[in-house]
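Engineer: Got a file for you: structure-v8.txt, compact mmCIF, C-alpha atoms and all ligand atoms.
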```txt
# COMPACT_ATOMS: atom_id res chain seq x y z
CA MET V 251 30.15 -68.73 16.57
CA GLN V 252 31.47 -67.38 13.29
CA ALA V 253 30.76 -63.79 14.36
CA GLU V 254 32.62 -64.43 17.59
CA ARG V 255 35.64 -65.75 15.69
CA ALA V 256 35.61 -62.71 13.39
CA ASN V 257 35.41 -60.46 16.41
CA GLU V 258 38.33 -62.26 18.05
CA GLN V 259 40.38 -61.93 14.84
CA GLN V 260 39.64 -58.19 14.71
CA VAL V 261 40.70 -57.73 18.34
CA GLN V 262 43.97 -59.56 17.72
CA LEU V 263 44.64 -57.63 14.52
CA GLU V 264 44.03 -54.27 16.26
CA ALA V 265 46.45 -55.36 18.99
CA LEU V 266 49.01 -56.31 16.33
CA TYR V 267 48.60 -52.91 14.57
CA GLY V 268 49.07 -51.18 17.90
CA GLU V 269 52.31 -53.07 18.57
CA MET V 270 53.79 -52.47 15.12
CA ARG V 271 52.87 -48.75 14.90
CA PRO V 272 55.86 -47.53 16.98
CA HIS V 273 58.08 -49.48 14.53
CA GLN V 274 56.63 -47.48 11.59
CA LEU V 275 54.85 -50.51 10.15
CA ALA V 276 51.24 -50.60 8.95
CA PRO V 277 48.96 -53.17 7.27
CA LEU V 278 48.33 -52.54 3.57
CA TRP V 279 45.05 -54.50 3.56
CA GLU V 280 43.36 -51.81 5.66
CA VAL V 281 44.11 -49.07 3.09
CA LEU V 282 44.61 -50.85 -0.24
CA ALA V 283 41.23 -49.86 -1.68
CA GLU V 284 41.95 -46.17 -1.01
CA LEU V 285 45.46 -46.37 -2.46
CA VAL V 286 44.83 -48.25 -5.68
CA THR V 287 41.48 -46.96 -6.88
CA PRO V 288 39.81 -48.22 -10.07
CA THR V 289 39.49 -44.61 -11.28
CA PRO V 290 41.02 -41.36 -9.95
CA ALA V 291 39.77 -40.37 -6.47
CA CYS V 292 40.42 -36.70 -7.14
CA PRO V 293 40.12 -34.39 -4.10
CA VAL V 294 40.01 -31.39 -6.45
CA LYS V 295 36.63 -29.66 -6.76
CA ALA V 296 35.26 -28.00 -9.86
CA HIS V 297 35.38 -24.28 -9.09
CA ALA V 298 35.30 -20.87 -10.76
CA TRP V 299 36.76 -17.49 -9.84
CA ASP V 300 34.97 -14.37 -11.02
CA TYR V 301 37.57 -12.01 -12.46
CA ALA V 302 36.07 -8.73 -11.18
CA THR V 303 35.87 -10.08 -7.61
CA ALA V 304 39.44 -11.43 -7.60
CA ARG V 305 40.73 -8.24 -9.25
CA ASP V 306 39.18 -6.14 -6.52
CA TYR V 307 41.05 -8.01 -3.76
CA LEU V 308 44.26 -7.91 -5.79
CA MET V 309 44.03 -4.12 -6.20
CA ARG V 310 43.39 -3.77 -2.45
CA ALA V 311 46.54 -5.81 -1.80
CA GLY V 312 48.26 -3.45 -4.24
CA ASP V 313 47.42 -0.51 -1.95
CA LEU V 314 49.01 -2.26 1.04
CA ILE V 315 52.16 -4.01 -0.22
CA SER V 316 54.58 -3.27 -3.07
CA ALA V 317 55.66 -5.88 -5.63
CA ALA V 318 59.28 -5.46 -4.47
CA GLN V 319 58.30 -5.94 -0.80
CA ALA V 320 56.14 -8.98 -1.55
CA GLU V 321 58.76 -10.27 -4.04
CA ARG V 322 55.72 -11.58 -5.96
CA ARG V 323 52.40 -9.84 -5.33
CA VAL V 324 50.07 -12.69 -6.10
CA LEU V 325 46.71 -13.96 -4.88
CA ILE V 326 46.71 -17.76 -4.92
CA LEU V 327 43.68 -19.44 -6.49
CA GLU V 328 43.20 -22.16 -3.91
CA ASN V 329 41.07 -25.15 -4.79
CA PRO V 330 38.29 -25.65 -2.20
CA GLY V 331 39.20 -29.36 -2.13
CA LEU V 332 42.86 -28.63 -1.28
CA PRO V 333 42.72 -26.13 1.62
CA GLY V 334 46.06 -24.68 2.67
CA GLN V 335 47.99 -26.43 -0.08
CA SER V 336 48.51 -23.43 -2.41
CA ALA V 337 47.25 -25.62 -5.23
CA ILE V 338 44.49 -25.37 -7.82
CA THR V 339 44.87 -29.05 -8.74
CA THR V 340 46.82 -31.83 -7.05
CA SER V 341 49.83 -31.10 -9.29
CA LEU V 342 49.44 -27.45 -10.31
CA TYR V 343 49.36 -23.96 -8.86
CA ALA V 344 47.53 -20.86 -10.12
CA GLY V 345 47.74 -17.25 -8.96
CA LEU V 346 46.85 -13.74 -10.10
CA GLN V 347 49.87 -11.45 -10.18
CA LEU V 348 49.64 -7.65 -10.14
CA ILE V 349 52.41 -5.27 -11.22
CA LEU V 350 51.50 -1.62 -10.76
CA PRO V 351 52.94 1.21 -12.88
CA GLY V 352 56.62 1.76 -12.11
CA GLU V 353 57.01 -1.47 -10.15
CA VAL V 354 59.44 -4.36 -10.50
CA ALA V 355 59.21 -7.92 -9.19
CA PRO V 356 62.86 -8.75 -8.40
CA CYS V 357 64.92 -11.26 -10.33
CA HIS V 358 65.02 -14.88 -9.13
CA ARG V 359 65.06 -18.42 -10.46
CA HIS V 360 63.69 -21.73 -9.27
CA SER V 361 63.29 -25.32 -10.36
CA GLN V 362 59.53 -24.83 -10.83
CA CYS V 363 58.26 -24.12 -14.37
CA ALA V 364 55.95 -21.14 -14.80
CA LEU V 365 53.62 -19.76 -17.42
CA ARG V 366 52.02 -16.33 -17.48
CA PHE V 367 48.72 -15.76 -19.23
CA VAL V 368 48.01 -12.03 -19.49
CA LEU V 369 44.56 -10.87 -18.35
CA GLU V 370 44.90 -7.09 -18.23
CA GLY V 371 47.31 -4.32 -19.19
CA ASN V 372 49.56 -3.80 -22.14
CA GLY V 373 53.30 -3.18 -22.41
CA ALA V 374 54.68 -4.49 -19.12
CA PHE V 375 57.33 -7.18 -19.41
CA THR V 376 58.66 -10.42 -18.07
CA ALA V 377 62.40 -10.79 -18.69
CA VAL V 378 63.80 -14.32 -19.02
CA ASP V 379 67.59 -14.53 -18.64
CA GLY V 380 67.70 -10.83 -19.50
CA GLU V 381 65.46 -10.96 -22.59
CA LYS V 382 62.26 -8.96 -22.28
CA ALA V 383 58.92 -10.26 -23.50
CA VAL V 384 56.67 -7.21 -23.82
CA MET V 385 53.20 -8.48 -23.02
CA ALA V 386 49.73 -7.82 -24.41
CA PRO V 387 46.37 -9.26 -23.24
CA PHE V 388 46.09 -13.05 -23.64
CA ASP V 389 49.77 -13.49 -24.54
CA LEU V 390 51.34 -16.66 -23.12
CA VAL V 391 54.85 -16.21 -21.68
CA LEU V 392 56.96 -19.02 -20.20
CA THR V 393 59.63 -19.00 -17.56
CA PRO V 394 61.01 -22.54 -17.81
CA GLY V 395 62.69 -24.08 -14.76
CA TRP V 396 65.94 -22.50 -13.53
CA GLN V 397 65.76 -19.47 -15.85
CA TRP V 398 66.33 -16.06 -14.25
CA HIS V 399 63.18 -13.95 -14.42
CA ASP V 400 62.01 -10.54 -13.32
CA HIS V 401 58.87 -8.61 -14.12
CA GLY V 402 58.41 -4.86 -14.61
CA ASN V 403 55.78 -2.35 -15.60
CA ALA V 404 56.90 0.96 -17.15
CA THR V 405 53.37 1.70 -18.44
CA ASP V 406 50.79 3.85 -16.66
CA ARG V 407 48.24 1.02 -16.21
CA PRO V 408 48.20 -1.99 -13.87
CA MET V 409 49.24 -5.29 -15.39
CA ILE V 410 47.55 -8.50 -14.21
CA TRP V 411 48.28 -12.02 -15.35
CA LEU V 412 47.53 -15.58 -14.35
CA ASP V 413 50.57 -17.48 -13.09
CA GLY V 414 50.50 -21.23 -13.73
CA LEU V 415 53.27 -23.21 -12.05
CA ASP V 416 54.06 -26.84 -11.26
CA ILE V 417 54.72 -25.98 -7.59
CA PRO V 418 52.81 -29.01 -6.15
CA THR V 419 54.54 -31.37 -8.61
CA VAL V 420 57.99 -30.14 -7.59
CA ARG V 421 56.93 -30.33 -3.93
CA HIS V 422 55.78 -33.92 -4.51
CA PHE V 423 59.30 -34.81 -5.68
CA ASP V 424 60.98 -32.72 -2.93
CA ALA V 425 63.03 -31.08 -5.65
CA SER V 426 62.55 -27.36 -5.02
CA PHE V 427 65.61 -25.17 -5.48
CA ALA V 428 65.54 -21.38 -5.69
CA GLU V 429 67.87 -18.42 -5.58
CA LYS V 430 67.76 -14.65 -5.85
CA LEU V 431 69.97 -12.72 -8.24
CA GLY V 432 70.45 -9.95 -5.68
CA GLU V 433 69.54 -7.27 -8.23
CA ALA V 434 66.05 -6.06 -9.15
CA ALA V 435 66.54 -6.91 -12.82
CA HIS V 436 68.83 -9.17 -14.83
CA PRO V 437 71.10 -7.10 -17.13
CA GLU V 438 69.58 -6.92 -20.60
CA THR V 439 71.35 -9.59 -22.68
CA VAL V 440 69.57 -9.32 -26.06
CA PRO V 441 66.85 -7.11 -27.57
CA ALA V 442 63.20 -7.87 -26.73
CA GLY V 443 61.76 -10.45 -29.10
CA ASP V 444 65.11 -12.08 -29.93
CA SER V 445 63.93 -15.64 -29.19
CA THR V 446 60.77 -15.17 -31.24
CA SER V 447 62.87 -14.10 -34.26
CA ARG V 448 65.18 -17.09 -33.83
CA TYR V 449 62.70 -19.82 -32.98
CA GLY V 450 59.14 -18.54 -33.36
CA ARG V 451 58.98 -18.40 -37.15
CA ASN V 452 59.51 -22.01 -38.24
CA LEU V 453 63.22 -21.27 -38.58
CA ARG V 454 66.26 -21.71 -36.38
CA PRO V 455 69.81 -20.44 -36.61
CA LEU V 456 71.68 -22.87 -38.86
CA ARG V 457 74.71 -23.04 -36.62
CA GLY V 458 72.43 -24.83 -34.16
CA THR V 459 71.60 -24.03 -30.62
CA ALA V 460 74.86 -24.91 -28.87
CA ALA V 461 76.23 -21.39 -29.22
CA ASP V 462 72.91 -19.79 -28.36
CA ARG V 463 71.89 -18.09 -25.15
CA ARG V 464 68.65 -20.08 -24.87
CA PRO V 465 68.76 -23.68 -23.63
CA ALA V 466 68.41 -26.02 -26.61
CA HIS V 467 65.44 -27.83 -25.07
CA GLN V 468 63.54 -24.62 -24.30
CA PRO V 469 64.27 -22.05 -27.02
CA LEU V 470 60.97 -20.12 -27.22
CA PHE V 471 59.10 -18.42 -24.40
CA HIS V 472 56.59 -15.98 -25.92
CA TYR V 473 53.39 -17.01 -27.71
CA ARG V 474 51.55 -13.86 -28.78
CA TYR V 475 47.76 -13.61 -28.63
CA GLU V 476 47.57 -12.14 -32.12
CA ASP V 477 49.42 -15.19 -33.48
CA TRP V 478 47.54 -17.95 -31.66
CA ARG V 479 44.15 -16.28 -31.98
CA GLY V 480 44.64 -15.79 -35.71
CA ALA V 481 45.68 -19.44 -36.14
CA LEU V 482 42.66 -20.66 -34.19
CA ASP V 483 40.34 -18.45 -36.21
CA ARG V 484 41.70 -19.70 -39.54
CA LEU V 485 41.39 -23.30 -38.34
CA ALA V 486 37.76 -22.66 -37.38
CA ARG V 487 36.99 -21.31 -40.83
CA THR V 488 38.31 -24.35 -42.66
CA GLU V 489 37.04 -27.38 -40.75
CA ALA V 490 34.20 -28.63 -38.58
CA PRO V 491 34.77 -28.47 -34.82
CA ASP V 492 35.87 -31.64 -33.05
CA PRO V 493 32.73 -32.89 -31.24
CA HIS V 494 34.52 -33.15 -27.86
CA LEU V 495 36.92 -30.20 -28.02
CA GLY V 496 35.63 -27.68 -30.53
CA HIS V 497 38.47 -26.19 -32.54
CA ALA V 498 41.56 -26.80 -30.42
CA MET V 499 45.28 -26.12 -30.77
CA GLU V 500 48.19 -27.01 -28.51
CA PHE V 501 51.00 -24.56 -27.78
CA VAL V 502 54.16 -26.46 -28.69
CA ASN V 503 57.86 -26.31 -27.98
CA PRO V 504 59.61 -25.83 -31.36
CA ALA V 505 62.62 -27.81 -30.11
CA ASN V 506 60.71 -31.09 -30.19
CA GLY V 507 57.08 -30.46 -31.17
CA GLY V 508 56.06 -31.48 -27.65
CA SER V 509 54.53 -29.66 -24.72
CA ILE V 510 55.57 -26.10 -23.86
CA MET V 511 57.40 -27.26 -20.73
CA PRO V 512 58.29 -30.70 -19.31
CA THR V 513 55.43 -30.74 -16.81
CA ILE V 514 52.84 -28.39 -18.34
CA PHE V 515 50.63 -28.78 -21.41
CA ALA V 516 48.74 -25.73 -22.74
CA HIS V 517 46.10 -25.30 -25.38
CA ALA V 518 43.46 -22.92 -26.74
CA ARG V 519 39.95 -23.73 -27.97
CA LEU V 520 37.30 -21.99 -29.99
CA LEU V 521 33.66 -23.09 -29.74
CA PRO V 522 31.29 -21.57 -32.30
CA ALA V 523 28.18 -19.79 -30.96
CA GLY V 524 25.52 -22.37 -30.08
CA PHE V 525 27.97 -25.30 -30.05
CA ARG V 526 27.96 -27.71 -27.12
CA THR V 527 30.82 -30.19 -26.79
CA ARG V 528 30.08 -33.85 -26.26
CA THR V 529 31.02 -35.13 -22.83
CA ARG V 530 34.67 -35.98 -22.35
CA ARG V 531 36.83 -36.86 -19.40
CA SER V 532 40.58 -36.99 -19.03
CA SER V 533 43.06 -37.74 -16.25
CA ASP V 534 44.55 -34.24 -16.39
CA ALA V 535 42.70 -31.80 -14.13
CA THR V 536 42.67 -28.61 -16.19
CA VAL V 537 42.72 -24.89 -15.41
CA PHE V 538 40.80 -22.79 -17.94
CA VAL V 539 40.56 -19.06 -18.63
CA VAL V 540 37.71 -17.52 -20.63
CA VAL V 541 39.33 -15.32 -23.27
CA GLU V 542 36.16 -14.36 -25.14
CA GLY V 543 32.46 -15.07 -25.05
CA ARG V 544 29.90 -16.56 -22.70
CA GLY V 545 28.74 -20.07 -21.94
CA THR V 546 28.33 -22.79 -19.36
CA ALA V 547 30.75 -25.54 -18.33
CA TYR V 548 29.09 -28.71 -17.08
CA ILE V 549 31.60 -30.55 -14.89
CA GLY V 550 30.25 -33.65 -13.16
CA GLU V 551 27.18 -32.41 -11.24
CA GLU V 552 28.32 -28.78 -11.31
CA SER V 553 27.44 -26.11 -13.81
CA ILE V 554 29.69 -23.08 -14.04
CA ALA V 555 28.77 -19.80 -15.74
CA LEU V 556 31.50 -18.62 -18.08
CA ALA V 557 32.00 -14.90 -18.59
CA ASP V 558 34.83 -12.47 -19.33
CA ARG V 559 38.12 -13.78 -17.85
CA THR V 560 36.46 -16.35 -15.56
CA VAL V 561 39.12 -18.79 -14.34
CA PHE V 562 37.76 -22.28 -13.70
CA VAL V 563 39.12 -25.73 -12.93
CA ALA V 564 37.91 -29.18 -13.99
CA PRO V 565 39.08 -32.11 -11.81
CA SER V 566 40.66 -35.29 -13.15
CA TRP V 567 38.21 -37.77 -14.70
CA LYS V 568 35.05 -35.68 -14.12
CA PRO V 569 32.88 -35.57 -17.26
CA VAL V 570 33.11 -32.16 -18.93
CA SER V 571 30.82 -30.59 -21.51
CA ILE V 572 31.05 -26.95 -22.55
CA ASP V 573 28.15 -25.01 -23.99
CA ALA V 574 28.97 -21.85 -25.95
CA GLN V 575 26.22 -19.23 -25.81
CA SER V 576 28.32 -16.94 -28.00
CA GLU V 577 31.60 -17.73 -29.77
CA LEU V 578 33.71 -18.93 -26.86
CA VAL V 579 37.51 -18.90 -26.70
CA LEU V 580 39.29 -20.68 -23.85
CA PHE V 581 42.90 -21.05 -22.77
CA GLY V 582 43.76 -24.11 -20.67
CA TYR V 583 46.74 -25.71 -18.97
CA SER V 584 47.22 -29.04 -17.23
CA ASP V 585 49.80 -31.62 -16.15
CA ARG V 586 49.13 -33.74 -19.24
CA ALA V 587 52.77 -33.21 -20.31
CA ALA V 588 54.01 -34.91 -17.13
CA GLN V 589 51.39 -37.66 -17.23
CA GLU V 590 52.26 -38.58 -20.81
CA LYS V 591 55.93 -38.93 -19.89
CA LEU V 592 54.92 -41.28 -17.07
CA ASN V 593 52.47 -43.23 -19.28
CA LEU V 594 49.61 -42.20 -17.00
CA TYR V 595 47.48 -40.02 -19.25
CA ARG V 596 44.02 -41.28 -20.24
CA GLU V 597 40.97 -39.76 -21.84
CA GLU V 598 37.51 -41.02 -22.68
CA ASN V 599 35.29 -39.41 -25.26
CA ALA V 600 31.60 -40.20 -24.87
O1 LIG V 701 56.61 -14.86 -10.88
O2 LIG V 701 58.29 -16.05 -10.26
O3 LIG V 701 52.68 -16.86 -8.69
O4 LIG V 701 58.04 -17.68 -8.27
C1 LIG V 701 54.48 -17.97 -7.66
C2 LIG V 701 55.84 -18.19 -7.56
C3 LIG V 701 54.86 -16.36 -9.37
C4 LIG V 701 57.10 -15.77 -10.21
C5 LIG V 701 54.00 -17.07 -8.57
C6 LIG V 701 56.70 -17.49 -8.37
C7 LIG V 701 56.21 -16.55 -9.29
```
Spell out the structure here as structure tokens.

Structural biologist:
Amino acid sequence: MQAERANEQQVQLEALYGEMRPHQLAPLWEVLAELVTPTPACPVKAHAWDYATARDYLMRAGDLISAAQAERRVLILENPGLPGQSAITTSLYAGLQLILPGEVAPCHRHSQCALRFVLEGNGAFTAVDGEKAVMAPFDLVLTPGWQWHDHGNATDRPMIWLDGLDIPTVRHFDASFAEKLGEAAHPETVPAGDSTSRYGRNLRPLRGTAADRRPAHQPLFHYRYEDWRGALDRLARTEAPDPHLGHAMEFVNPANGGSIMPTIFAHARLLPAGFRTRTRRSSDATVFVVVEGRGTAYIGEESIALADRTVFVAPSWKPVSIDAQSELVLFGYSDRAAQEKLNLYREENA
């Protein structure tokens, strides 16, 4: 009797859903549990990209299409849990960009924020609003939203870097704007390294930033490997590693001591040889690059071998432990900057 009544209710509900559907109405109670989950239901999968394999495909693309023709010659690192979305996490994009000797990637700007983390080559540049940042391996270079940028390589070696952008975040807000300058390169406005001299030395011009070329909220855009690696090394020599992170430092915006860009947080870690981090999880899915050393990342049920320039991704809220077989140095970026602004960020240290 009761089963019959339940069945009758279900039939009437289905009929009701069918009638309301053409009016763009739907019952919340059928989907509530999927919408408001007790913990993140992250579609992102833990995954790693072997550098030599990706590099090979990138070089083959380099034989077939020029940087100018492609506008950006980039292979997207697509998360296996997000097919067709051009995303490495739900909120972030990653790609490997190749600039061959003599090439330029033409000048444009967009609302998306970008970082470049150099993997190979020495001496090519990214210019931001006409200021060149001459890049060396493992340098971090930013192109904050709406800043003109072009890339060029006047060296005789290929230059490859990891692009990290907030493309899916901007898409989520339907706030993408972009334009082309119409020239290959922005006219040079100041000498290379100008922003680093003004803002990268714990100093700033006393007259303030109003008269400056750089936007006051985003004055610095080049974080050199030799600087951050040296700082990390000195930190490691003077204190014990944090049990969950190892020795870790955040790249900060000197304007406010906060994240490098409004949506993207970036950091570097050093794990001594033989050190294994205690398990930790956080709500920011994170993209990592192996800068030095070998090890294993344990992410949920997965284990990922870490070698030279492996790029790997850890999903939101999956337990992560990293085991360093030799001294291991990692670079990582995530959407933690955006989540903190929205009071969403959480972490749990076991
Ligand atoms: O260099 O401006 O990988 O606009 C994707 C979109 C790089 C860039 C990417 C971009 C760029």

Engineer: Tell me, as a PyMOL selection string, which residues lie within 12 Å of V:Met511, counting all atoms listed in the file; anything in the same chain fewer than 4 positions away does not count.

Structural biologist: chain V and resi 362-365+391-395+414-416+467-471+501-507+515-516+583-588+591

Engineer: Could you take the residues named above and write them with C-alpha atoms, as a PDB file, in the coordinates of the input?

Structural biologist:
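The result, written out as part06.pdb:
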```pdb
ATOM      1  CA  GLN V 362      59.530 -24.830 -10.830  1.00  0.00           C
ATOM      2  CA  CYS V 363      58.260 -24.120 -14.370  1.00  0.00           C
ATOM      3  CA  ALA V 364      55.950 -21.140 -14.800  1.00  0.00           C
ATOM      4  CA  LEU V 365      53.620 -19.760 -17.420  1.00  0.00           C
ATOM      5  CA  VAL V 391      54.850 -16.210 -21.680  1.00  0.00           C
ATOM      6  CA  LEU V 392      56.960 -19.020 -20.200  1.00  0.00           C
ATOM      7  CA  THR V 393      59.630 -19.000 -17.560  1.00  0.00           C
ATOM      8  CA  PRO V 394      61.010 -22.540 -17.810  1.00  0.00           C
ATOM      9  CA  GLY V 395      62.690 -24.080 -14.760  1.00  0.00           C
ATOM     10  CA  GLY V 414      50.500 -21.230 -13.730  1.00  0.00           C
ATOM     11  CA  LEU V 415      53.270 -23.210 -12.050  1.00  0.00           C
ATOM     12  CA  ASP V 416      54.060 -26.840 -11.260  1.00  0.00           C
ATOM     13  CA  HIS V 467      65.440 -27.830 -25.070  1.00  0.00           C
ATOM     14  CA  GLN V 468      63.540 -24.620 -24.300  1.00  0.00           C
ATOM     15  CA  PRO V 469      64.270 -22.050 -27.020  1.00  0.00           C
ATOM     16  CA  LEU V 470      60.970 -20.120 -27.220  1.00  0.00           C
ATOM     17  CA  PHE V 471      59.100 -18.420 -24.400  1.00  0.00           C
ATOM     18  CA  PHE V 501      51.000 -24.560 -27.780  1.00  0.00           C
ATOM     19  CA  VAL V 502      54.160 -26.460 -28.690  1.00  0.00           C
ATOM     20  CA  ASN V 503      57.860 -26.310 -27.980  1.00  0.00           C
ATOM     21  CA  PRO V 504      59.610 -25.830 -31.360  1.00  0.00           C
ATOM     22  CA  ALA V 505      62.620 -27.810 -30.110  1.00  0.00           C
ATOM     23  CA  ASN V 506      60.710 -31.090 -30.190  1.00  0.00           C
ATOM     24  CA  GLY V 507      57.080 -30.460 -31.170  1.00  0.00           C
ATOM     25  CA  PHE V 515      50.630 -28.780 -21.410  1.00  0.00           C
ATOM     26  CA  ALA V 516      48.740 -25.730 -22.740  1.00  0.00           C
ATOM     27  CA  TYR V 583      46.740 -25.710 -18.970  1.00  0.00           C
ATOM     28  CA  SER V 584      47.220 -29.040 -17.230  1.00  0.00           C
ATOM     29  CA  ASP V 585      49.800 -31.620 -16.150  1.00  0.00           C
ATOM     30  CA  ARG V 586      49.130 -33.740 -19.240  1.00  0.00           C
ATOM     31  CA  ALA V 587      52.770 -33.210 -20.310  1.00  0.00           C
ATOM     32  CA  ALA V 588      54.010 -34.910 -17.130  1.00  0.00           C
ATOM     33  CA  LYS V 591      55.930 -38.930 -19.890  1.00  0.00           C
TER      34      LYS V 591
END
```

Engineer: Can you tell me which residues come within 10 Å of ligand LIG 701 (chain V) when counting all atoms listed in the file, ideally as a tab-separated table (two decimals) with C-alpha atoms, keeping the file's coordinate frame?

Structural biologist:
```
chain	number	residue	atom	x	y	z
V	321	GLU	CA	58.76	-10.27	-4.04
V	322	ARG	CA	55.72	-11.58	-5.96
V	323	ARG	CA	52.40	-9.84	-5.33
V	324	VAL	CA	50.07	-12.69	-6.10
V	325	LEU	CA	46.71	-13.96	-4.88
V	326	ILE	CA	46.71	-17.76	-4.92
V	327	LEU	CA	43.68	-19.44	-6.49
V	336	SER	CA	48.51	-23.43	-2.41
V	343	TYR	CA	49.36	-23.96	-8.86
V	344	ALA	CA	47.53	-20.86	-10.12
V	345	GLY	CA	47.74	-17.25	-8.96
V	346	LEU	CA	46.85	-13.74	-10.10
V	347	GLN	CA	49.87	-11.45	-10.18
V	348	LEU	CA	49.64	-7.65	-10.14
V	355	ALA	CA	59.21	-7.92	-9.19
V	356	PRO	CA	62.86	-8.75	-8.40
V	357	CYS	CA	64.92	-11.26	-10.33
V	358	HIS	CA	65.02	-14.88	-9.13
V	359	ARG	CA	65.06	-18.42	-10.46
V	360	HIS	CA	63.69	-21.73	-9.27
V	361	SER	CA	63.29	-25.32	-10.36
V	362	GLN	CA	59.53	-24.83	-10.83
V	363	CYS	CA	58.26	-24.12	-14.37
V	364	ALA	CA	55.95	-21.14	-14.80
V	365	LEU	CA	53.62	-19.76	-17.42
V	366	ARG	CA	52.02	-16.33	-17.48
V	376	THR	CA	58.66	-10.42	-18.07
V	393	THR	CA	59.63	-19.00	-17.56
V	397	GLN	CA	65.76	-19.47	-15.85
V	398	TRP	CA	66.33	-16.06	-14.25
V	399	HIS	CA	63.18	-13.95	-14.42
V	400	ASP	CA	62.01	-10.54	-13.32
V	401	HIS	CA	58.87	-8.61	-14.12
V	411	TRP	CA	48.28	-12.02	-15.35
V	412	LEU	CA	47.53	-15.58	-14.35
V	413	ASP	CA	50.57	-17.48	-13.09
V	414	GLY	CA	50.50	-21.23	-13.73
V	415	LEU	CA	53.27	-23.21	-12.05
V	416	ASP	CA	54.06	-26.84	-11.26
V	417	ILE	CA	54.72	-25.98	-7.59
V	428	ALA	CA	65.54	-21.38	-5.69
```

Engineer: Near stretch 382-390 of chain V, counting only C-alpha atoms, which residues have an atom at most 7 Å away, once you skip same-chain residues fewer than 4 positions from it, shown as number ranges by chain?

Structural biologist: V: 365-378, 442-443, 472-475

Engineer: Can you tell me, as a PyMOL selection string, what residues are no more than 8 Å from V:Gln575 when counting only C-alpha atoms, ignoring any on the same chain fewer than 6 positions away?

Structural biologist: chain V and resi 523-525+543-546

Engineer: For V:Val294, list every protein, DNA or RNA residue within 7 Å, evaluated using all atoms listed in the file, and leave out those in the same chain fewer than 4 positions away; present the list as a PyMOL selection string.

Structural biologist: chain V and resi 329+331-332+339-340+565

Engineer: Atom CA of V:Lys568 and atom CA of V:Ala291 are how many Å apart?

Structural biologist: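 Value for the atom CA of V:Lys568-atom CA of V:Ala291 distance: 10.1 Å.
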
Engineer: Just give me the gap between atom CA of V:Trp478 and atom CA of V:Ala518 in Å, one decimal is fine.

Structural biologist: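 Between these atoms lies a distance of 8.1 Å.
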
Engineer: What gap, in Å, lies between atom CA of V:Asp313 and atom CA of V:Leu350?

Structural biologist: 9.8 Å

Engineer: Taking into account all atoms listed in the file, which residue in the set V:Tyr307, V:Ala317, V:Val420, V:Arg464 is nearest to V:Gly380?

Structural biologist: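 Answer, going by the shortest atom-to-atom distance: V:Arg464.
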
Engineer: From the options V:Ala283, V:Val261, V:Leu431, V:Ile572, which residue's atoms come nearest to V:Pro493, counting only C-alpha atoms?

Structural biologist: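 Checking each of V:Ala283, V:Val261, V:Leu431, V:Ile572 against V:Pro493, counting only C-alpha atoms, the winner is V:Ile572.
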
Engineer: Could you check which of V:Ala466, V:Ala564, V:Leu594, V:Leu578 is closest to V:Arg519, using all atoms listed in the file?

Structural biologist: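 Checking each of V:Ala466, V:Ala564, V:Leu594, V:Leu578 against V:Arg519, counting all atoms listed in the file, the winner is V:Leu578.
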
Engineer: With distances taken over only C-alpha atoms, which of V:Gly496, V:Gly402, V:Pro333, V:Pro465 is nearest to V:Asp573?

Structural biologist: V:Gly496

Engineer: Would you mind listing what lies within 9 Å of V:Leu495 as a list in words, with only C-alpha atoms counted and same-chain residues fewer than 4 positions away left out?

Structural biologist: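 Answer for this query is Pro491, Arg519, Leu520, Leu521, Thr527, Arg528, Arg530, Ser571 and Ile572 of chain V.
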